[in-house]
Amino acid sequence: MGTPVTQQVNAYLSLGSNLGDRAGNIRQALAFLDSEPNLSVVAVSSTYETKPWGLLDQPNFLNIAVGVQTSLEPATLLDVAKGIEQEIGRIPTVRYGPRSIDIDILLYGDLVIDWSTPDLQIPHPRMRERAFVLVPLAEIAGALLHPISNSQIADLAASVDGLDGVTLWPETFQV
């Protein structure tokens, strides 16, 4: 169980999978998130099939964005996400490589954390470059302002490179 903060904070996560049962991995990650004490899933985007980013020679991903309310500190939320990845069987490989599940913290309220270690940076430092992150996030939090650029998420999603690699997938996930 994680360390709670004194109040509930809205946070947004990105979930992606391109190995094994992609849909099953995302479904399982959502269930783990929603069963976590001090955390409640409050919004789930549609599912998108997306081309890989960074390392291109790998299977396509399924991606969703998830809104949560939590009283967990950001570092504890990161620990929870990494624990869920391990539980589902993620094995560390090359950077941007294939994975059974990837859970990234995109936003945590309007907090900005830019530590000297790359383990926890909020907002996610590369989210503005990634259509597979911005398109699902805009669906559930389009009016939200990115705390550094002060741009609405919907505007960032509309102008990001790679939109042609993001396709609506027929299955949606619920908790």
# chains A, B, ... in the order shown; residues from 1 in each chain; ligands from 1
>>> residues_around(residues="Val112 in chain A", least_positions_apart="6", cutoff="9 Å", atoms="only C-alpha atoms", output="list in words")
Gln121, Ile122, Pro123, Pro147 and Ile148 of chain A
>>> residues_around(residues="Leu33 in chain A", least_positions_apart="4", cutoff="9 Å", atoms="only C-alpha atoms", output="list in words")
Gln28, Ala29, Pro37, Leu39, Ser40, Val41, Val68, Val80, Ala81 and Ile84 of chain A
>>> write_last_selection(atoms="N, CA, C and O atoms", output="short mmCIF file (atom, residue, chain, number, x, y, z; two decimals), in the first residue's frame")
data_model
loop_
_atom_site.label_atom_id
_atom_site.label_comp_id
_atom_site.auth_asym_id
_atom_site.auth_seq_id
_atom_site.Cartn_x
_atom_site.Cartn_y
_atom_site.Cartn_z
N GLN A 28 -6.12 -6.33 -17.68
CA GLN A 28 -5.56 -6.73 -16.39
C GLN A 28 -4.94 -5.54 -15.67
O GLN A 28 -5.12 -5.37 -14.45
N ALA A 29 -4.23 -4.68 -16.39
CA ALA A 29 -3.62 -3.50 -15.77
C ALA A 29 -4.70 -2.57 -15.21
O ALA A 29 -4.55 -2.04 -14.10
N PRO A 37 -5.57 0.41 -3.29
CA PRO A 37 -6.06 1.35 -2.27
C PRO A 37 -5.58 2.77 -2.59
O PRO A 37 -4.49 2.96 -3.12
N LEU A 39 -6.62 4.79 -4.81
CA LEU A 39 -6.62 5.10 -6.24
C LEU A 39 -7.93 4.60 -6.83
O LEU A 39 -8.37 3.49 -6.55
N SER A 40 -8.55 5.43 -7.66
CA SER A 40 -9.79 5.04 -8.32
C SER A 40 -9.74 5.45 -9.78
O SER A 40 -9.42 6.61 -10.09
N VAL A 41 -10.01 4.52 -10.69
CA VAL A 41 -10.08 4.83 -12.11
C VAL A 41 -11.40 5.55 -12.36
O VAL A 41 -12.46 5.04 -12.03
N VAL A 68 -7.32 8.93 -13.26
CA VAL A 68 -7.49 8.37 -11.92
C VAL A 68 -7.60 9.51 -10.92
O VAL A 68 -7.10 10.61 -11.14
N VAL A 80 3.54 1.88 -7.83
CA VAL A 80 2.37 1.06 -8.10
C VAL A 80 2.35 0.66 -9.57
O VAL A 80 2.15 -0.51 -9.92
N ALA A 81 2.58 1.63 -10.46
CA ALA A 81 2.58 1.34 -11.91
C ALA A 81 3.65 0.31 -12.26
O ALA A 81 3.38 -0.65 -13.00
N ILE A 84 2.64 -3.16 -11.11
CA ILE A 84 1.64 -3.76 -12.01
C ILE A 84 2.32 -4.28 -13.27
O ILE A 84 2.02 -5.38 -13.73
#
>>> closest_residue(among="A:Leu111, A:Leu137, A:Leu62, A:Leu56", to="Thr172 in chain A", atoms="only C-alpha atoms")
A:Leu62
>>> atom_distance(atom1="CA of Pro59 in chain A", atom2="CA of Gly83 in chain A")
23.8 Å
>>> closest_residue(among="A:Ser100, A:Gln8, A:Ser14, A:Asn25", to="Arg126 in chain A", atoms="only C-alpha atoms")
A:Ser14
>>> closest_residue(among="A:Val42, A:Pro125, A:Ile103, A:Asp114", to="Gln69 in chain A", atoms="only C-alpha atoms")
A:Val42
>>> closest_residue(among="A:Met127, A:Leu145, A:Gln174, A:Thr50", to="Val160 in chain A", atoms="only C-alpha atoms")
A:Met127
>>> atom_distance(atom1="CA of Asn150 in chain A", atom2="CA of Pro52 in chain A")
27.3 Å
>>> select_by_dssp(residues="chain A", states="helix (DSSP H, G or I)", output="PDB file with N, CA, C and O atoms, in the first residue's frame")
ATOM      1  N   ARG A  22      -2.484  -8.426 -26.072  1.00  0.00           N
ATOM      2  CA  ARG A  22      -2.425  -6.971 -25.825  1.00  0.00           C
ATOM      3  C   ARG A  22      -3.661  -6.477 -25.079  1.00  0.00           C
ATOM      4  O   ARG A  22      -3.546  -5.749 -24.094  1.00  0.00           O
ATOM      5  N   ALA A  23      -4.826  -6.873 -25.555  1.00  0.00           N
ATOM      6  CA  ALA A  23      -6.074  -6.436 -24.911  1.00  0.00           C
ATOM      7  C   ALA A  23      -6.167  -6.995 -23.492  1.00  0.00           C
ATOM      8  O   ALA A  23      -6.555  -6.286 -22.559  1.00  0.00           O
ATOM      9  N   GLY A  24      -5.809  -8.251 -23.313  1.00  0.00           N
ATOM     10  CA  GLY A  24      -5.836  -8.858 -21.986  1.00  0.00           C
ATOM     11  C   GLY A  24      -4.874  -8.175 -21.027  1.00  0.00           C
ATOM     12  O   GLY A  24      -5.186  -7.991 -19.846  1.00  0.00           O
ATOM     13  N   ASN A  25      -3.711  -7.781 -21.519  1.00  0.00           N
ATOM     14  CA  ASN A  25      -2.738  -7.083 -20.674  1.00  0.00           C
ATOM     15  C   ASN A  25      -3.285  -5.742 -20.196  1.00  0.00           C
ATOM     16  O   ASN A  25      -3.145  -5.386 -19.021  1.00  0.00           O
ATOM     17  N   ILE A  26      -3.924  -5.009 -21.100  1.00  0.00           N
ATOM     18  CA  ILE A  26      -4.487  -3.709 -20.722  1.00  0.00           C
ATOM     19  C   ILE A  26      -5.656  -3.904 -19.762  1.00  0.00           C
ATOM     20  O   ILE A  26      -5.782  -3.192 -18.762  1.00  0.00           O
ATOM     21  N   ARG A  27      -6.500  -4.880 -20.055  1.00  0.00           N
ATOM     22  CA  ARG A  27      -7.638  -5.170 -19.177  1.00  0.00           C
ATOM     23  C   ARG A  27      -7.145  -5.509 -17.762  1.00  0.00           C
ATOM     24  O   ARG A  27      -7.685  -5.020 -16.763  1.00  0.00           O
ATOM     25  N   GLN A  28      -6.117  -6.326 -17.682  1.00  0.00           N
ATOM     26  CA  GLN A  28      -5.559  -6.732 -16.388  1.00  0.00           C
ATOM     27  C   GLN A  28      -4.937  -5.535 -15.666  1.00  0.00           C
ATOM     28  O   GLN A  28      -5.121  -5.368 -14.450  1.00  0.00           O
ATOM     29  N   ALA A  29      -4.226  -4.681 -16.390  1.00  0.00           N
ATOM     30  CA  ALA A  29      -3.624  -3.497 -15.765  1.00  0.00           C
ATOM     31  C   ALA A  29      -4.696  -2.566 -15.208  1.00  0.00           C
ATOM     32  O   ALA A  29      -4.552  -2.040 -14.100  1.00  0.00           O
ATOM     33  N   LEU A  30      -5.787  -2.382 -15.945  1.00  0.00           N
ATOM     34  CA  LEU A  30      -6.895  -1.556 -15.457  1.00  0.00           C
ATOM     35  C   LEU A  30      -7.487  -2.125 -14.169  1.00  0.00           C
ATOM     36  O   LEU A  30      -7.769  -1.380 -13.227  1.00  0.00           O
ATOM     37  N   ALA A  31      -7.669  -3.430 -14.141  1.00  0.00           N
ATOM     38  CA  ALA A  31      -8.227  -4.067 -12.939  1.00  0.00           C
ATOM     39  C   ALA A  31      -7.294  -3.882 -11.748  1.00  0.00           C
ATOM     40  O   ALA A  31      -7.746  -3.580 -10.633  1.00  0.00           O
ATOM     41  N   PHE A  32      -5.984  -4.056 -11.959  1.00  0.00           N
ATOM     42  CA  PHE A  32      -5.018  -3.836 -10.879  1.00  0.00           C
ATOM     43  C   PHE A  32      -5.061  -2.391 -10.394  1.00  0.00           C
ATOM     44  O   PHE A  32      -5.054  -2.126  -9.194  1.00  0.00           O
ATOM     45  N   LEU A  33      -5.093  -1.440 -11.335  1.00  0.00           N
ATOM     46  CA  LEU A  33      -5.149  -0.029 -10.945  1.00  0.00           C
ATOM     47  C   LEU A  33      -6.383   0.257 -10.103  1.00  0.00           C
ATOM     48  O   LEU A  33      -6.298   0.911  -9.062  1.00  0.00           O
ATOM     49  N   ASP A  34      -7.536  -0.226 -10.564  1.00  0.00           N
ATOM     50  CA  ASP A  34      -8.781   0.093  -9.876  1.00  0.00           C
ATOM     51  C   ASP A  34      -8.899  -0.601  -8.523  1.00  0.00           C
ATOM     52  O   ASP A  34      -9.658  -0.161  -7.669  1.00  0.00           O
ATOM     53  N   SER A  35      -8.148  -1.670  -8.316  1.00  0.00           N
ATOM     54  CA  SER A  35      -8.210  -2.362  -7.021  1.00  0.00           C
ATOM     55  C   SER A  35      -7.179  -1.817  -6.027  1.00  0.00           C
ATOM     56  O   SER A  35      -7.162  -2.224  -4.869  1.00  0.00           O
ATOM     57  N   PRO A  74       3.222  11.138  -5.972  1.00  0.00           N
ATOM     58  CA  PRO A  74       3.663  10.754  -7.327  1.00  0.00           C
ATOM     59  C   PRO A  74       4.654   9.584  -7.347  1.00  0.00           C
ATOM     60  O   PRO A  74       4.524   8.677  -8.171  1.00  0.00           O
ATOM     61  N   ALA A  75       5.640   9.592  -6.458  1.00  0.00           N
ATOM     62  CA  ALA A  75       6.629   8.504  -6.439  1.00  0.00           C
ATOM     63  C   ALA A  75       5.973   7.173  -6.085  1.00  0.00           C
ATOM     64  O   ALA A  75       6.349   6.124  -6.618  1.00  0.00           O
ATOM     65  N   THR A  76       4.983   7.207  -5.207  1.00  0.00           N
ATOM     66  CA  THR A  76       4.275   5.982  -4.840  1.00  0.00           C
ATOM     67  C   THR A  76       3.406   5.500  -5.993  1.00  0.00           C
ATOM     68  O   THR A  76       3.336   4.307  -6.264  1.00  0.00           O
ATOM     69  N   LEU A  77       2.773   6.436  -6.704  1.00  0.00           N
ATOM     70  CA  LEU A  77       1.996   6.065  -7.887  1.00  0.00           C
ATOM     71  C   LEU A  77       2.891   5.409  -8.920  1.00  0.00           C
ATOM     72  O   LEU A  77       2.509   4.410  -9.540  1.00  0.00           O
ATOM     73  N   LEU A  78       4.097   5.925  -9.099  1.00  0.00           N
ATOM     74  CA  LEU A  78       5.059   5.308 -10.016  1.00  0.00           C
ATOM     75  C   LEU A  78       5.405   3.893  -9.557  1.00  0.00           C
ATOM     76  O   LEU A  78       5.453   2.961 -10.370  1.00  0.00           O
ATOM     77  N   ASP A  79       5.630   3.714  -8.260  1.00  0.00           N
ATOM     78  CA  ASP A  79       5.923   2.377  -7.724  1.00  0.00           C
ATOM     79  C   ASP A  79       4.769   1.412  -7.993  1.00  0.00           C
ATOM     80  O   ASP A  79       4.989   0.252  -8.348  1.00  0.00           O
ATOM     81  N   VAL A  80       3.542   1.884  -7.826  1.00  0.00           N
ATOM     82  CA  VAL A  80       2.366   1.057  -8.100  1.00  0.00           C
ATOM     83  C   VAL A  80       2.353   0.657  -9.568  1.00  0.00           C
ATOM     84  O   VAL A  80       2.146  -0.515  -9.917  1.00  0.00           O
ATOM     85  N   ALA A  81       2.580   1.627 -10.465  1.00  0.00           N
ATOM     86  CA  ALA A  81       2.579   1.338 -11.908  1.00  0.00           C
ATOM     87  C   ALA A  81       3.648   0.310 -12.259  1.00  0.00           C
ATOM     88  O   ALA A  81       3.382  -0.646 -13.002  1.00  0.00           O
ATOM     89  N   LYS A  82       4.844   0.474 -11.735  1.00  0.00           N
ATOM     90  CA  LYS A  82       5.935  -0.464 -12.033  1.00  0.00           C
ATOM     91  C   LYS A  82       5.645  -1.845 -11.445  1.00  0.00           C
ATOM     92  O   LYS A  82       5.984  -2.866 -12.043  1.00  0.00           O
ATOM     93  N   GLY A  83       5.005  -1.891 -10.289  1.00  0.00           N
ATOM     94  CA  GLY A  83       4.622  -3.178  -9.704  1.00  0.00           C
ATOM     95  C   GLY A  83       3.597  -3.902 -10.554  1.00  0.00           C
ATOM     96  O   GLY A  83       3.673  -5.128 -10.725  1.00  0.00           O
ATOM     97  N   ILE A  84       2.642  -3.162 -11.112  1.00  0.00           N
ATOM     98  CA  ILE A  84       1.641  -3.761 -12.007  1.00  0.00           C
ATOM     99  C   ILE A  84       2.321  -4.284 -13.272  1.00  0.00           C
ATOM    100  O   ILE A  84       2.017  -5.384 -13.732  1.00  0.00           O
ATOM    101  N   GLU A  85       3.264  -3.509 -13.816  1.00  0.00           N
ATOM    102  CA  GLU A  85       3.998  -3.982 -14.994  1.00  0.00           C
ATOM    103  C   GLU A  85       4.693  -5.316 -14.700  1.00  0.00           C
ATOM    104  O   GLU A  85       4.620  -6.254 -15.509  1.00  0.00           O
ATOM    105  N   GLN A  86       5.338  -5.420 -13.556  1.00  0.00           N
ATOM    106  CA  GLN A  86       6.011  -6.671 -13.185  1.00  0.00           C
ATOM    107  C   GLN A  86       5.007  -7.800 -13.015  1.00  0.00           C
ATOM    108  O   GLN A  86       5.249  -8.928 -13.447  1.00  0.00           O
ATOM    109  N   GLU A  87       3.881  -7.510 -12.367  1.00  0.00           N
ATOM    110  CA  GLU A  87       2.846  -8.526 -12.130  1.00  0.00           C
ATOM    111  C   GLU A  87       2.326  -9.096 -13.450  1.00  0.00           C
ATOM    112  O   GLU A  87       2.037 -10.286 -13.560  1.00  0.00           O
ATOM    113  N   ILE A  88       2.210  -8.251 -14.463  1.00  0.00           N
ATOM    114  CA  ILE A  88       1.696  -8.691 -15.766  1.00  0.00           C
ATOM    115  C   ILE A  88       2.799  -9.346 -16.607  1.00  0.00           C
ATOM    116  O   ILE A  88       2.524  -9.970 -17.613  1.00  0.00           O
ATOM    117  N   MET A 127       5.539  13.371 -23.805  1.00  0.00           N
ATOM    118  CA  MET A 127       4.137  13.187 -24.183  1.00  0.00           C
ATOM    119  C   MET A 127       3.711  14.114 -25.318  1.00  0.00           C
ATOM    120  O   MET A 127       2.889  13.743 -26.137  1.00  0.00           O
ATOM    121  N   ARG A 128       4.285  15.312 -25.407  1.00  0.00           N
ATOM    122  CA  ARG A 128       3.885  16.256 -26.460  1.00  0.00           C
ATOM    123  C   ARG A 128       4.369  15.828 -27.841  1.00  0.00           C
ATOM    124  O   ARG A 128       3.950  16.389 -28.840  1.00  0.00           O
ATOM    125  N   GLU A 129       5.255  14.824 -27.897  1.00  0.00           N
ATOM    126  CA  GLU A 129       5.777  14.317 -29.177  1.00  0.00           C
ATOM    127  C   GLU A 129       5.053  13.062 -29.636  1.00  0.00           C
ATOM    128  O   GLU A 129       5.356  12.550 -30.712  1.00  0.00           O
ATOM    129  N   ALA A 131       1.763  10.961 -30.606  1.00  0.00           N
ATOM    130  CA  ALA A 131       0.341  10.903 -30.969  1.00  0.00           C
ATOM    131  C   ALA A 131      -0.368   9.794 -30.201  1.00  0.00           C
ATOM    132  O   ALA A 131      -1.517   9.946 -29.797  1.00  0.00           O
ATOM    133  N   PHE A 132       0.313   8.677 -29.967  1.00  0.00           N
ATOM    134  CA  PHE A 132      -0.321   7.550 -29.275  1.00  0.00           C
ATOM    135  C   PHE A 132      -0.651   7.874 -27.822  1.00  0.00           C
ATOM    136  O   PHE A 132      -1.461   7.188 -27.197  1.00  0.00           O
ATOM    137  N   VAL A 133      -0.061   8.916 -27.280  1.00  0.00           N
ATOM    138  CA  VAL A 133      -0.382   9.390 -25.934  1.00  0.00           C
ATOM    139  C   VAL A 133      -1.445  10.487 -25.996  1.00  0.00           C
ATOM    140  O   VAL A 133      -2.441  10.454 -25.270  1.00  0.00           O
ATOM    141  N   LEU A 134      -1.234  11.455 -26.868  1.00  0.00           N
ATOM    142  CA  LEU A 134      -2.093  12.637 -26.896  1.00  0.00           C
ATOM    143  C   LEU A 134      -3.501  12.361 -27.419  1.00  0.00           C
ATOM    144  O   LEU A 134      -4.469  12.936 -26.914  1.00  0.00           O
ATOM    145  N   VAL A 135      -3.644  11.497 -28.417  1.00  0.00           N
ATOM    146  CA  VAL A 135      -4.979  11.242 -28.972  1.00  0.00           C
ATOM    147  C   VAL A 135      -5.908  10.625 -27.916  1.00  0.00           C
ATOM    148  O   VAL A 135      -7.003  11.146 -27.690  1.00  0.00           O
ATOM    149  N   PRO A 136      -5.506   9.548 -27.234  1.00  0.00           N
ATOM    150  CA  PRO A 136      -6.399   9.028 -26.181  1.00  0.00           C
ATOM    151  C   PRO A 136      -6.579  10.002 -25.019  1.00  0.00           C
ATOM    152  O   PRO A 136      -7.675  10.126 -24.472  1.00  0.00           O
ATOM    153  N   LEU A 137      -5.518  10.701 -24.640  1.00  0.00           N
ATOM    154  CA  LEU A 137      -5.627  11.644 -23.528  1.00  0.00           C
ATOM    155  C   LEU A 137      -6.587  12.784 -23.867  1.00  0.00           C
ATOM    156  O   LEU A 137      -7.387  13.194 -23.023  1.00  0.00           O
ATOM    157  N   ALA A 138      -6.543  13.275 -25.096  1.00  0.00           N
ATOM    158  CA  ALA A 138      -7.445  14.356 -25.504  1.00  0.00           C
ATOM    159  C   ALA A 138      -8.898  13.923 -25.422  1.00  0.00           C
ATOM    160  O   ALA A 138      -9.778  14.736 -25.146  1.00  0.00           O
ATOM    161  N   GLU A 139      -9.142  12.653 -25.624  1.00  0.00           N
ATOM    162  CA  GLU A 139     -10.512  12.126 -25.555  1.00  0.00           C
ATOM    163  C   GLU A 139     -11.101  12.255 -24.152  1.00  0.00           C
ATOM    164  O   GLU A 139     -12.296  12.511 -23.999  1.00  0.00           O
ATOM    165  N   ILE A 140     -10.281  12.073 -23.121  1.00  0.00           N
ATOM    166  CA  ILE A 140     -10.805  12.118 -21.746  1.00  0.00           C
ATOM    167  C   ILE A 140     -10.440  13.393 -20.999  1.00  0.00           C
ATOM    168  O   ILE A 140     -10.986  13.646 -19.928  1.00  0.00           O
ATOM    169  N   ALA A 141      -9.505  14.189 -21.550  1.00  0.00           N
ATOM    170  CA  ALA A 141      -9.064  15.399 -20.850  1.00  0.00           C
ATOM    171  C   ALA A 141      -8.633  16.479 -21.840  1.00  0.00           C
ATOM    172  O   ALA A 141      -7.616  17.144 -21.644  1.00  0.00           O
ATOM    173  N   ILE A 153      -4.665  20.033 -24.079  1.00  0.00           N
ATOM    174  CA  ILE A 153      -4.289  18.707 -24.568  1.00  0.00           C
ATOM    175  C   ILE A 153      -4.896  18.469 -25.954  1.00  0.00           C
ATOM    176  O   ILE A 153      -4.234  17.922 -26.844  1.00  0.00           O
ATOM    177  N   ALA A 154      -6.133  18.895 -26.180  1.00  0.00           N
ATOM    178  CA  ALA A 154      -6.780  18.711 -27.490  1.00  0.00           C
ATOM    179  C   ALA A 154      -6.004  19.424 -28.592  1.00  0.00           C
ATOM    180  O   ALA A 154      -5.859  18.888 -29.706  1.00  0.00           O
ATOM    181  N   ASP A 155      -5.487  20.609 -28.313  1.00  0.00           N
ATOM    182  CA  ASP A 155      -4.701  21.339 -29.313  1.00  0.00           C
ATOM    183  C   ASP A 155      -3.382  20.639 -29.583  1.00  0.00           C
ATOM    184  O   ASP A 155      -2.934  20.555 -30.739  1.00  0.00           O
ATOM    185  N   LEU A 156      -2.738  20.139 -28.545  1.00  0.00           N
ATOM    186  CA  LEU A 156      -1.498  19.385 -28.726  1.00  0.00           C
ATOM    187  C   LEU A 156      -1.755  18.131 -29.566  1.00  0.00           C
ATOM    188  O   LEU A 156      -0.967  17.806 -30.462  1.00  0.00           O
ATOM    189  N   ALA A 157      -2.863  17.448 -29.295  1.00  0.00           N
ATOM    190  CA  ALA A 157      -3.197  16.227 -30.031  1.00  0.00           C
ATOM    191  C   ALA A 157      -3.480  16.515 -31.497  1.00  0.00           C
ATOM    192  O   ALA A 157      -3.126  15.720 -32.375  1.00  0.00           O
ATOM    193  N   ALA A 158      -4.106  17.635 -31.774  1.00  0.00           N
ATOM    194  CA  ALA A 158      -4.472  17.960 -33.156  1.00  0.00           C
ATOM    195  C   ALA A 158      -3.263  18.295 -34.021  1.00  0.00           C
ATOM    196  O   ALA A 158      -3.319  18.151 -35.246  1.00  0.00           O
ATOM    197  N   SER A 159      -2.167  18.699 -33.392  1.00  0.00           N
ATOM    198  CA  SER A 159      -1.019  19.153 -34.178  1.00  0.00           C
ATOM    199  C   SER A 159       0.221  18.268 -34.048  1.00  0.00           C
ATOM    200  O   SER A 159       1.255  18.572 -34.628  1.00  0.00           O
ATOM    201  N   LEU A 163      -0.084  11.327 -36.427  1.00  0.00           N
ATOM    202  CA  LEU A 163      -1.516  11.022 -36.300  1.00  0.00           C
ATOM    203  C   LEU A 163      -1.953   9.911 -37.241  1.00  0.00           C
ATOM    204  O   LEU A 163      -2.881   9.169 -36.937  1.00  0.00           O
ATOM    205  N   ASP A 164      -1.263   9.776 -38.371  1.00  0.00           N
ATOM    206  CA  ASP A 164      -1.621   8.720 -39.320  1.00  0.00           C
ATOM    207  C   ASP A 164      -1.301   7.327 -38.785  1.00  0.00           C
ATOM    208  O   ASP A 164      -1.791   6.329 -39.316  1.00  0.00           O
ATOM    209  N   GLY A 165      -0.539   7.236 -37.712  1.00  0.00           N
ATOM    210  CA  GLY A 165      -0.209   5.949 -37.114  1.00  0.00           C
ATOM    211  C   GLY A 165      -1.095   5.570 -35.941  1.00  0.00           C
ATOM    212  O   GLY A 165      -0.819   4.601 -35.238  1.00  0.00           O
TER     213      GLY A 165
END
>>> closest_residue(among="A:Thr167, A:Gln7, A:Thr93, A:Gln152", to="Asn38 in chain A", atoms="only C-alpha atoms")
A:Gln7
>>> select_by_dssp(residues="range 29-155 of chain A", states="strand (DSSP E or B)", output="JSON, numbers by chain")
{"A": [39, 40, 41, 42, 43, 44, 48, 49, 50, 61, 62, 63, 64, 65, 66, 67, 68, 69, 70, 71, 72, 102, 103, 104, 105, 106, 107, 108, 113, 114, 121, 122, 145, 152]}
>>> write_last_selection(atoms="N, CA and C atoms", output="mmCIF file, in the first residue's frame")
data_model
loop_
_atom_site.group_PDB
_atom_site.id
_atom_site.type_symbol
_atom_site.label_atom_id
_atom_site.label_comp_id
_atom_site.auth_asym_id
_atom_site.auth_seq_id
_atom_site.Cartn_x
_atom_site.Cartn_y
_atom_site.Cartn_z
ATOM 1 N N LEU A 39 -6.617 4.787 -4.812
ATOM 2 C CA LEU A 39 -6.620 5.095 -6.235
ATOM 3 C C LEU A 39 -7.931 4.605 -6.831
ATOM 4 N N SER A 40 -8.550 5.426 -7.662
ATOM 5 C CA SER A 40 -9.793 5.039 -8.318
ATOM 6 C C SER A 40 -9.736 5.452 -9.784
ATOM 7 N N VAL A 41 -10.012 4.515 -10.686
ATOM 8 C CA VAL A 41 -10.078 4.832 -12.110
ATOM 9 C C VAL A 41 -11.398 5.552 -12.362
ATOM 10 N N VAL A 42 -11.329 6.754 -12.942
ATOM 11 C CA VAL A 42 -12.535 7.557 -13.172
ATOM 12 C C VAL A 42 -12.817 7.795 -14.651
ATOM 13 N N ALA A 43 -11.849 7.540 -15.530
ATOM 14 C CA ALA A 43 -12.066 7.731 -16.972
ATOM 15 C C ALA A 43 -11.134 6.815 -17.753
ATOM 16 N N VAL A 44 -11.675 6.229 -18.822
ATOM 17 C CA VAL A 44 -10.881 5.372 -19.703
ATOM 18 C C VAL A 44 -11.203 5.779 -21.141
ATOM 19 N N TYR A 48 -6.768 2.535 -28.997
ATOM 20 C CA TYR A 48 -6.168 2.875 -30.283
ATOM 21 C C TYR A 48 -5.058 1.888 -30.598
ATOM 22 N N GLU A 49 -5.029 1.432 -31.848
ATOM 23 C CA GLU A 49 -3.887 0.649 -32.307
ATOM 24 C C GLU A 49 -2.914 1.639 -32.915
ATOM 25 N N THR A 50 -1.670 1.532 -32.500
ATOM 26 C CA THR A 50 -0.692 2.539 -32.894
ATOM 27 C C THR A 50 0.599 1.900 -33.381
ATOM 28 N N PHE A 61 1.122 -1.423 -31.186
ATOM 29 C CA PHE A 61 0.656 -1.328 -29.807
ATOM 30 C C PHE A 61 -0.846 -1.135 -29.752
ATOM 31 N N LEU A 62 -1.439 -1.491 -28.638
ATOM 32 C CA LEU A 62 -2.737 -0.980 -28.227
ATOM 33 C C LEU A 62 -2.447 0.030 -27.133
ATOM 34 N N ASN A 63 -3.110 1.201 -27.207
ATOM 35 C CA ASN A 63 -2.889 2.261 -26.231
ATOM 36 C C ASN A 63 -4.209 2.833 -25.748
ATOM 37 N N ILE A 64 -4.229 3.193 -24.478
ATOM 38 C CA ILE A 64 -5.360 3.923 -23.895
ATOM 39 C C ILE A 64 -4.797 4.970 -22.936
ATOM 40 N N ALA A 65 -5.640 5.937 -22.603
ATOM 41 C CA ALA A 65 -5.340 6.876 -21.525
ATOM 42 C C ALA A 65 -6.343 6.618 -20.411
ATOM 43 N N VAL A 66 -5.898 6.790 -19.186
ATOM 44 C CA VAL A 66 -6.720 6.520 -18.013
ATOM 45 C C VAL A 66 -6.639 7.714 -17.073
ATOM 46 N N GLY A 67 -7.790 8.176 -16.628
ATOM 47 C CA GLY A 67 -7.843 9.200 -15.594
ATOM 48 C C GLY A 67 -8.085 8.534 -14.254
ATOM 49 N N VAL A 68 -7.323 8.932 -13.262
ATOM 50 C CA VAL A 68 -7.492 8.372 -11.918
ATOM 51 C C VAL A 68 -7.597 9.507 -10.915
ATOM 52 N N GLN A 69 -8.271 9.220 -9.817
ATOM 53 C CA GLN A 69 -8.217 10.069 -8.633
ATOM 54 C C GLN A 69 -7.421 9.292 -7.606
ATOM 55 N N THR A 70 -6.461 9.965 -7.014
ATOM 56 C CA THR A 70 -5.593 9.262 -6.089
ATOM 57 C C THR A 70 -5.144 10.179 -4.961
ATOM 58 N N SER A 71 -4.863 9.569 -3.843
ATOM 59 C CA SER A 71 -4.229 10.274 -2.736
ATOM 60 C C SER A 71 -2.785 9.797 -2.570
ATOM 61 N N LEU A 72 -2.296 9.035 -3.543
ATOM 62 C CA LEU A 72 -0.913 8.577 -3.501
ATOM 63 C C LEU A 72 0.025 9.680 -3.956
ATOM 64 N N ASP A 102 3.033 -1.268 -20.558
ATOM 65 C CA ASP A 102 3.784 -0.080 -20.179
ATOM 66 C C ASP A 102 2.784 0.881 -19.555
ATOM 67 N N ILE A 103 3.100 1.371 -18.372
ATOM 68 C CA ILE A 103 2.241 2.331 -17.687
ATOM 69 C C ILE A 103 3.087 3.556 -17.358
ATOM 70 N N ASP A 104 2.706 4.691 -17.942
ATOM 71 C CA ASP A 104 3.423 5.936 -17.702
ATOM 72 C C ASP A 104 2.500 6.945 -17.035
ATOM 73 N N ILE A 105 3.055 7.694 -16.092
ATOM 74 C CA ILE A 105 2.328 8.826 -15.511
ATOM 75 C C ILE A 105 2.515 9.998 -16.466
ATOM 76 N N LEU A 106 1.405 10.510 -16.986
ATOM 77 C CA LEU A 106 1.463 11.648 -17.898
ATOM 78 C C LEU A 106 1.364 12.965 -17.144
ATOM 79 N N LEU A 107 0.345 13.066 -16.310
ATOM 80 C CA LEU A 107 0.064 14.289 -15.562
ATOM 81 C C LEU A 107 -0.366 13.917 -14.151
ATOM 82 N N TYR A 108 -0.042 14.757 -13.204
ATOM 83 C CA TYR A 108 -0.446 14.572 -11.808
ATOM 84 C C TYR A 108 -0.874 15.947 -11.319
ATOM 85 N N ILE A 113 7.442 18.110 -12.008
ATOM 86 C CA ILE A 113 8.593 17.500 -11.333
ATOM 87 C C ILE A 113 9.648 17.241 -12.398
ATOM 88 N N ASP A 114 10.783 17.881 -12.264
ATOM 89 C CA ASP A 114 11.889 17.662 -13.191
ATOM 90 C C ASP A 114 13.130 17.366 -12.371
ATOM 91 N N GLN A 121 9.425 12.078 -14.000
ATOM 92 C CA GLN A 121 9.299 13.442 -14.490
ATOM 93 C C GLN A 121 7.835 13.668 -14.837
ATOM 94 N N ILE A 122 7.265 14.728 -14.295
ATOM 95 C CA ILE A 122 5.863 15.052 -14.535
ATOM 96 C C ILE A 122 5.793 16.519 -14.921
ATOM 97 N N LEU A 145 -5.036 21.749 -19.392
ATOM 98 C CA LEU A 145 -3.845 22.470 -19.835
ATOM 99 C C LEU A 145 -2.589 21.702 -19.459
ATOM 100 N N GLN A 152 -3.842 23.484 -24.409
ATOM 101 C CA GLN A 152 -4.834 22.445 -24.140
ATOM 102 C C GLN A 152 -4.366 21.129 -24.767
#
>>> closest_residue(among="A:Thr47, A:Ser17, A:Asn60, A:Ser151", to="Gly89 in chain A", atoms="only C-alpha atoms")
A:Ser17
>>> atom_distance(atom1="CA of Phe173 in chain A", atom2="CA of Ser45 in chain A")
8.0 Å
